[in-house]
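Step one of this worksheet: look at the structure below.
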Amino acid sequence: MLSEPRSGRLAAWGNALLAGLVSPDDAVLAIVGEDAVHRVEGLPGESAPVGLTLALGRLRALGVTGLRVALPQPGHPLGLSGPPEFNARALEAEEAVICHGAALGLVPEVYEAGPDGDVHVEVVWHCLAVREAPPADVPSLGEAERELAEALRDATEVLSRLDVAASGPVAEAAIDAYRARAERGREVLAPGYPPRAVRVLELAQRVGVLVSVAHENGHGGAVSAGEMAARGAALRPVERTARRAQVAAYNAVVEERERGVR
């Protein structure tokens with residue numbers, strides 16, 4: 001979770017475009033990011049893959065009024081609503097975008113080529129049928145914020161007790177570096193999102209950094225099998241909570257529209 005998911009960029013900037021808050025060129029530039037190109041395959045009415053600008057326009061014409069994110073993992077179909085075929089593709093990619101207003105979903109497939117330091121990345125979004133039903137296990141922004149605060153506190157206590165690097169200066173340095181990159185390179189969310197969504201996403205990303213550092217920096221003092229198991233047990237619910245919060249933040253605009261807030 002050190003970088004935002006491609007589904008998050010597509011949903012956030014796609015929502016801003018659908019709301020008329022950004023131009024198509026600006027939306028596509030933000031969605032593509034550092035990748036070389038994104039295309040959409042399987043779009044109704046198109047026999048071949050098309051570019052993002054045309055695809056987003058076609059989705060609007062098909063009745064799409066908003067985009068949601070799903071970040072599923074094995075045993076946790078977060079943000080999905082079926083059918084099984086779509087869920088399986090989304091689970092393999094560990095992310096997807098669900099259209100609001102049309103029974104369609106988008107799953108990314110990433111192609112990389114070239115040597116280290118000069119990797120060419122192309123993304124094909126596969127457009128597939130979805131079931132129109134409430135997404136699985138997505139909390140409200142308020143719930144996500146409370147859960148994150150509790151999970152961060154509990155995990156920090158456990159990781160500190162086990163002398164894991166993620167609980168100390170190494171983690172703080174990683175977070176500072178992440179923030180610096182984020183401030184240079186992008187907005188946290190696209191225009192039109194409520195401040196609470198931005199706050200929740202930033203906290204979820206901070207938690208994601210802690211989890212990543214804990215996984216990547218050895219076992220610290222947790223040398224026994226029991227201590228290593230305890231560390232894993234501490235990190236798993238925190239990672240799940242952070243993913244749930246990410247989805248809640250990216251989906252906030254659509255959820256607010258459904259409740260009539262906007």
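Chain labels run A, B, ... following the order of the structure tokens; each chain numbers its residues from 1, and ligands are numbered from 1 in the order shown.
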Discussion item. Taking 5 positions as the minimum chain separation for residues in the same chain, which residues sit within 10 Å of A:Leu203 when counting only C-alpha atoms? Answer as a VMD selection string.
Written reply: chain A and resid 144 to 145 148 to 149 152 197 to 198 208 to 209 242 245 to 246
Grab the residues selected above and save them as a short mmCIF file (atom, residue, chain, number, x, y, z; two decimals), in the first residue's frame with all heavy atoms.
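Below you can see again-v3.cif, which holds the result:
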```
data_model
loop_
_atom_site.label_atom_id
_atom_site.label_comp_id
_atom_site.auth_asym_id
_atom_site.auth_seq_id
_atom_site.Cartn_x
_atom_site.Cartn_y
_atom_site.Cartn_z
N ALA A 144 -14.75 3.91 9.19
CA ALA A 144 -13.38 3.65 8.75
C ALA A 144 -12.37 4.44 9.57
O ALA A 144 -11.32 3.92 9.96
CB ALA A 144 -13.24 3.99 7.27
N GLU A 145 -12.68 5.69 9.87
CA GLU A 145 -11.77 6.53 10.63
C GLU A 145 -11.59 6.00 12.05
O GLU A 145 -10.47 5.92 12.57
CB GLU A 145 -12.29 7.97 10.66
CG GLU A 145 -11.26 8.98 11.10
CD GLU A 145 -11.70 10.40 10.82
OE1 GLU A 145 -12.92 10.67 10.81
OE2 GLU A 145 -10.83 11.25 10.60
N LEU A 148 -9.56 2.68 11.93
CA LEU A 148 -8.14 2.92 11.67
C LEU A 148 -7.41 3.38 12.92
O LEU A 148 -6.31 2.91 13.22
CB LEU A 148 -7.97 3.97 10.56
CG LEU A 148 -8.05 3.49 9.12
CD1 LEU A 148 -8.05 4.69 8.19
CD2 LEU A 148 -6.88 2.57 8.79
N ALA A 149 -8.01 4.31 13.65
CA ALA A 149 -7.37 4.82 14.85
C ALA A 149 -7.17 3.69 15.87
O ALA A 149 -6.10 3.57 16.49
CB ALA A 149 -8.21 5.95 15.46
N LEU A 152 -4.49 1.16 14.49
CA LEU A 152 -3.14 1.71 14.56
C LEU A 152 -2.62 1.68 15.99
O LEU A 152 -1.46 1.31 16.23
CB LEU A 152 -3.14 3.14 14.02
CG LEU A 152 -1.80 3.85 13.92
CD1 LEU A 152 -0.84 3.08 13.02
CD2 LEU A 152 -1.99 5.27 13.39
N ALA A 197 -12.87 12.33 3.56
CA ALA A 197 -12.35 11.25 2.70
C ALA A 197 -10.86 11.39 2.51
O ALA A 197 -10.12 10.40 2.54
CB ALA A 197 -13.07 11.26 1.36
N VAL A 198 -10.39 12.62 2.33
CA VAL A 198 -8.95 12.85 2.19
C VAL A 198 -8.23 12.44 3.47
O VAL A 198 -7.20 11.77 3.44
CB VAL A 198 -8.68 14.34 1.87
CG1 VAL A 198 -7.18 14.61 1.84
CG2 VAL A 198 -9.32 14.72 0.53
N GLY A 208 -0.73 1.72 5.95
CA GLY A 208 -0.14 0.85 4.95
C GLY A 208 1.37 0.90 4.96
O GLY A 208 2.04 -0.13 4.78
N VAL A 209 1.94 2.08 5.18
CA VAL A 209 3.39 2.20 5.29
C VAL A 209 3.92 1.40 6.47
O VAL A 209 4.91 0.67 6.37
CB VAL A 209 3.81 3.68 5.41
CG1 VAL A 209 5.30 3.80 5.70
CG2 VAL A 209 3.49 4.43 4.12
N ALA A 242 -7.04 -1.10 6.90
CA ALA A 242 -6.54 -0.05 6.01
C ALA A 242 -7.14 -0.18 4.61
O ALA A 242 -7.50 0.82 3.98
CB ALA A 242 -5.02 -0.12 5.94
N ALA A 245 -10.67 1.06 4.70
CA ALA A 245 -10.71 2.52 4.77
C ALA A 245 -10.40 3.14 3.41
O ALA A 245 -11.00 4.16 3.03
CB ALA A 245 -9.72 3.02 5.82
N GLN A 246 -9.44 2.57 2.69
CA GLN A 246 -9.16 3.06 1.34
C GLN A 246 -10.41 3.02 0.48
O GLN A 246 -10.74 3.99 -0.21
CB GLN A 246 -8.07 2.22 0.69
CG GLN A 246 -6.65 2.61 1.04
CD GLN A 246 -5.67 1.87 0.16
OE1 GLN A 246 -5.67 0.64 0.11
NE2 GLN A 246 -4.82 2.58 -0.53
#
```
Discussion item. Need the shell around A:Pro77: protein/DNA/RNA residues with any atom at most 7 Å away, counting only C-alpha atoms. Skip same-chain ones fewer than 4 positions apart. Format as number ranges by chain?
Written reply: A: 72-73, 136
Print the selection's residues with C-alpha atoms to a file, as a short mmCIF file (atom, residue, chain, number, x, y, z; two decimals), in the first residue's frame.
```cif
data_model
loop_
_atom_site.label_atom_id
_atom_site.label_comp_id
_atom_site.auth_asym_id
_atom_site.auth_seq_id
_atom_site.Cartn_x
_atom_site.Cartn_y
_atom_site.Cartn_z
CA PRO A 72 -10.49 -7.83 -2.60
CA GLN A 73 -8.12 -10.44 -1.23
CA ALA A 136 -19.31 -6.25 0.31
#
```
Practice prompt. Show which residues sit within 8 Å of stretch 100-103 of chain A, as a PyMOL selection string. Count only C-alpha atoms, and ignore same-chain residues fewer than 3 positions away.
Written response: chain A and resi 62-68+129-132+254
Serialized selection, N, CA, C and O atoms, as a PDB file, in the first residue's frame:
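The resulting file, out_3.pdb, is shown below:
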```pdb
ATOM      1  N   LEU A  62     -23.577   5.369 -21.394  1.00  0.00           N
ATOM      2  CA  LEU A  62     -24.257   4.146 -21.000  1.00  0.00           C
ATOM      3  C   LEU A  62     -25.015   4.296 -19.674  1.00  0.00           C
ATOM      4  O   LEU A  62     -25.638   3.350 -19.200  1.00  0.00           O
ATOM      5  N   GLY A  63     -24.911   5.477 -19.061  1.00  0.00           N
ATOM      6  CA  GLY A  63     -25.652   5.738 -17.830  1.00  0.00           C
ATOM      7  C   GLY A  63     -24.824   5.742 -16.567  1.00  0.00           C
ATOM      8  O   GLY A  63     -25.375   5.886 -15.468  1.00  0.00           O
ATOM      9  N   VAL A  64     -23.502   5.596 -16.684  1.00  0.00           N
ATOM     10  CA  VAL A  64     -22.655   5.584 -15.492  1.00  0.00           C
ATOM     11  C   VAL A  64     -22.603   6.977 -14.878  1.00  0.00           C
ATOM     12  O   VAL A  64     -22.292   7.955 -15.557  1.00  0.00           O
ATOM     13  N   THR A  65     -22.904   7.066 -13.590  1.00  0.00           N
ATOM     14  CA  THR A  65     -22.878   8.346 -12.883  1.00  0.00           C
ATOM     15  C   THR A  65     -21.804   8.399 -11.803  1.00  0.00           C
ATOM     16  O   THR A  65     -21.578   9.457 -11.217  1.00  0.00           O
ATOM     17  N   GLY A  66     -21.168   7.275 -11.527  1.00  0.00           N
ATOM     18  CA  GLY A  66     -20.115   7.254 -10.523  1.00  0.00           C
ATOM     19  C   GLY A  66     -19.325   5.962 -10.597  1.00  0.00           C
ATOM     20  O   GLY A  66     -19.744   4.987 -11.237  1.00  0.00           O
ATOM     21  N   LEU A  67     -18.174   5.960  -9.936  1.00  0.00           N
ATOM     22  CA  LEU A  67     -17.283   4.799  -9.947  1.00  0.00           C
ATOM     23  C   LEU A  67     -16.877   4.462  -8.520  1.00  0.00           C
ATOM     24  O   LEU A  67     -16.516   5.342  -7.734  1.00  0.00           O
ATOM     25  N   ARG A  68     -16.957   3.176  -8.192  1.00  0.00           N
ATOM     26  CA  ARG A  68     -16.542   2.683  -6.887  1.00  0.00           C
ATOM     27  C   ARG A  68     -15.302   1.808  -7.034  1.00  0.00           C
ATOM     28  O   ARG A  68     -15.035   1.258  -8.098  1.00  0.00           O
ATOM     29  N   ALA A 129     -19.498  -7.637 -17.059  1.00  0.00           N
ATOM     30  CA  ALA A 129     -20.790  -7.462 -16.397  1.00  0.00           C
ATOM     31  C   ALA A 129     -20.650  -7.684 -14.898  1.00  0.00           C
ATOM     32  O   ALA A 129     -19.895  -8.548 -14.445  1.00  0.00           O
ATOM     33  N   VAL A 130     -21.374  -6.892 -14.116  1.00  0.00           N
ATOM     34  CA  VAL A 130     -21.408  -7.061 -12.655  1.00  0.00           C
ATOM     35  C   VAL A 130     -22.857  -7.149 -12.196  1.00  0.00           C
ATOM     36  O   VAL A 130     -23.791  -6.814 -12.924  1.00  0.00           O
ATOM     37  N   ARG A 131     -23.024  -7.597 -10.961  1.00  0.00           N
ATOM     38  CA  ARG A 131     -24.350  -7.655 -10.353  1.00  0.00           C
ATOM     39  C   ARG A 131     -24.612  -6.338  -9.631  1.00  0.00           C
ATOM     40  O   ARG A 131     -23.753  -5.840  -8.885  1.00  0.00           O
ATOM     41  N   GLU A 132     -25.792  -5.781  -9.851  1.00  0.00           N
ATOM     42  CA  GLU A 132     -26.147  -4.537  -9.179  1.00  0.00           C
ATOM     43  C   GLU A 132     -26.654  -4.869  -7.777  1.00  0.00           C
ATOM     44  O   GLU A 132     -27.810  -5.261  -7.588  1.00  0.00           O
ATOM     45  N   VAL A 254     -19.655   8.720  -4.388  1.00  0.00           N
ATOM     46  CA  VAL A 254     -20.834   7.971  -4.821  1.00  0.00           C
ATOM     47  C   VAL A 254     -21.771   7.719  -3.645  1.00  0.00           C
ATOM     48  O   VAL A 254     -22.994   7.850  -3.765  1.00  0.00           O
TER      49      VAL A 254
END
```
Fill in: Selection near stretch 3-14 of chain A, 6 Å with only C-alpha atoms, sequence-local residues under 4 positions removed, as a PyMOL selection string
chain A and resi 27+31+67-68+96-97+190
Keeping only N, CA and C atoms, take the residues you just selected and write them out as an mmCIF file, in the first residue's frame.
```
data_model
loop_
_atom_site.group_PDB
_atom_site.id
_atom_site.type_symbol
_atom_site.label_atom_id
_atom_site.label_comp_id
_atom_site.auth_asym_id
_atom_site.auth_seq_id
_atom_site.Cartn_x
_atom_site.Cartn_y
_atom_site.Cartn_z
ATOM 1 N N ALA A 27 -8.102 14.400 -16.397
ATOM 2 C CA ALA A 27 -8.496 13.154 -15.744
ATOM 3 C C ALA A 27 -7.643 11.992 -16.246
ATOM 4 N N ILE A 31 -5.037 9.597 -14.158
ATOM 5 C CA ILE A 31 -5.298 8.160 -14.060
ATOM 6 C C ILE A 31 -4.097 7.355 -14.545
ATOM 7 N N LEU A 67 -18.174 5.960 -9.936
ATOM 8 C CA LEU A 67 -17.283 4.799 -9.947
ATOM 9 C C LEU A 67 -16.877 4.462 -8.520
ATOM 10 N N ARG A 68 -16.957 3.176 -8.192
ATOM 11 C CA ARG A 68 -16.542 2.683 -6.887
ATOM 12 C C ARG A 68 -15.302 1.808 -7.034
ATOM 13 N N ALA A 96 -10.473 -3.609 -8.501
ATOM 14 C CA ALA A 96 -11.434 -3.444 -9.584
ATOM 15 C C ALA A 96 -12.165 -2.131 -9.380
ATOM 16 N N VAL A 97 -12.845 -1.684 -10.446
ATOM 17 C CA VAL A 97 -13.707 -0.507 -10.390
ATOM 18 C C VAL A 97 -15.110 -0.958 -10.764
ATOM 19 N N ALA A 190 -9.036 13.296 -5.971
ATOM 20 C CA ALA A 190 -9.399 14.230 -7.026
ATOM 21 C C ALA A 190 -10.353 15.299 -6.502
#
```
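For the residues A:Val107, A:Leu71, A:Ala204, A:Val40, ranking by smallest atom-to-atom distance to A:Leu141 using only C-alpha atoms places A:Ala204 first.
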Excluding A:Pro191 and any residue of its chain fewer than 4 positions from it, enumerate the residues within 8 Å of it, using only C-alpha atoms, and give them as a PDB file with N, CA, C and O atoms, in the first residue's frame.
```pdb
ATOM      1  N   TRP A  13     -10.555  10.103 -10.245  1.00  0.00           N
ATOM      2  CA  TRP A  13     -10.535  11.084 -11.331  1.00  0.00           C
ATOM      3  C   TRP A  13     -11.680  10.863 -12.315  1.00  0.00           C
ATOM      4  O   TRP A  13     -12.159  11.822 -12.939  1.00  0.00           O
ATOM      5  N   ALA A  16     -14.472  12.721 -10.702  1.00  0.00           N
ATOM      6  CA  ALA A  16     -14.323  14.164 -10.908  1.00  0.00           C
ATOM      7  C   ALA A  16     -14.725  14.560 -12.324  1.00  0.00           C
ATOM      8  O   ALA A  16     -15.360  15.596 -12.542  1.00  0.00           O
ATOM      9  N   LEU A  21     -15.879  18.400 -12.931  1.00  0.00           N
ATOM     10  CA  LEU A  21     -14.927  19.192 -12.149  1.00  0.00           C
ATOM     11  C   LEU A  21     -13.535  19.232 -12.763  1.00  0.00           C
ATOM     12  O   LEU A  21     -12.707  20.048 -12.350  1.00  0.00           O
ATOM     13  N   VAL A  22     -13.244  18.341 -13.698  1.00  0.00           N
ATOM     14  CA  VAL A  22     -11.953  18.332 -14.397  1.00  0.00           C
ATOM     15  C   VAL A  22     -12.198  18.043 -15.866  1.00  0.00           C
ATOM     16  O   VAL A  22     -13.259  17.515 -16.246  1.00  0.00           O
TER      17      VAL A  22
END
```
Worksheet item: If you count only C-alpha atoms, which residues fall within 7 Å of A:Glu109, apart from same-chain ones fewer than 5 positions away, as a ChimeraX atom specification?
Response: /A:123-125
Worksheet item: Which one of A:Arg243, A:Pro74, A:Ala113, A:Asn251 sits closest to A:Cys99 if you count only C-alpha atoms?
Response: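 Counting only C-alpha atoms, the residue closest to A:Cys99 is A:Asn251.
Coordinates place atom CA of A:Ala249 at a distance of 6.2 Å from atom CA of A:Val200.
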Worksheet item: Hey, what's within 12 Å of A:Ala55 if we count only C-alpha atoms and toss same-chain stuff fewer than 2 positions away? As number ranges by chain, please?
Response: A: 10, 14, 24, 28, 38-46, 48-53, 57-62, 64, 106, 124-127
Practice prompt. Go through stretch 69-152 of chain A and collect every residue that DSSP, computed from the backbone, puts in helix (DSSP H, G or I); the answer should be as a list in words.
Written response: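 Residues of stretch 69-152 of chain A classed as helix (DSSP H, G or I): Pro84, Glu85, Phe86, Asn87, Ala88, Arg89, Ala90, Leu91, Glu92, Ala93, Leu141, Gly142, Glu143, Ala144, Glu145, Arg146, Glu147, Leu148, Ala149, Glu150, Ala151 and Leu152 of chain A.
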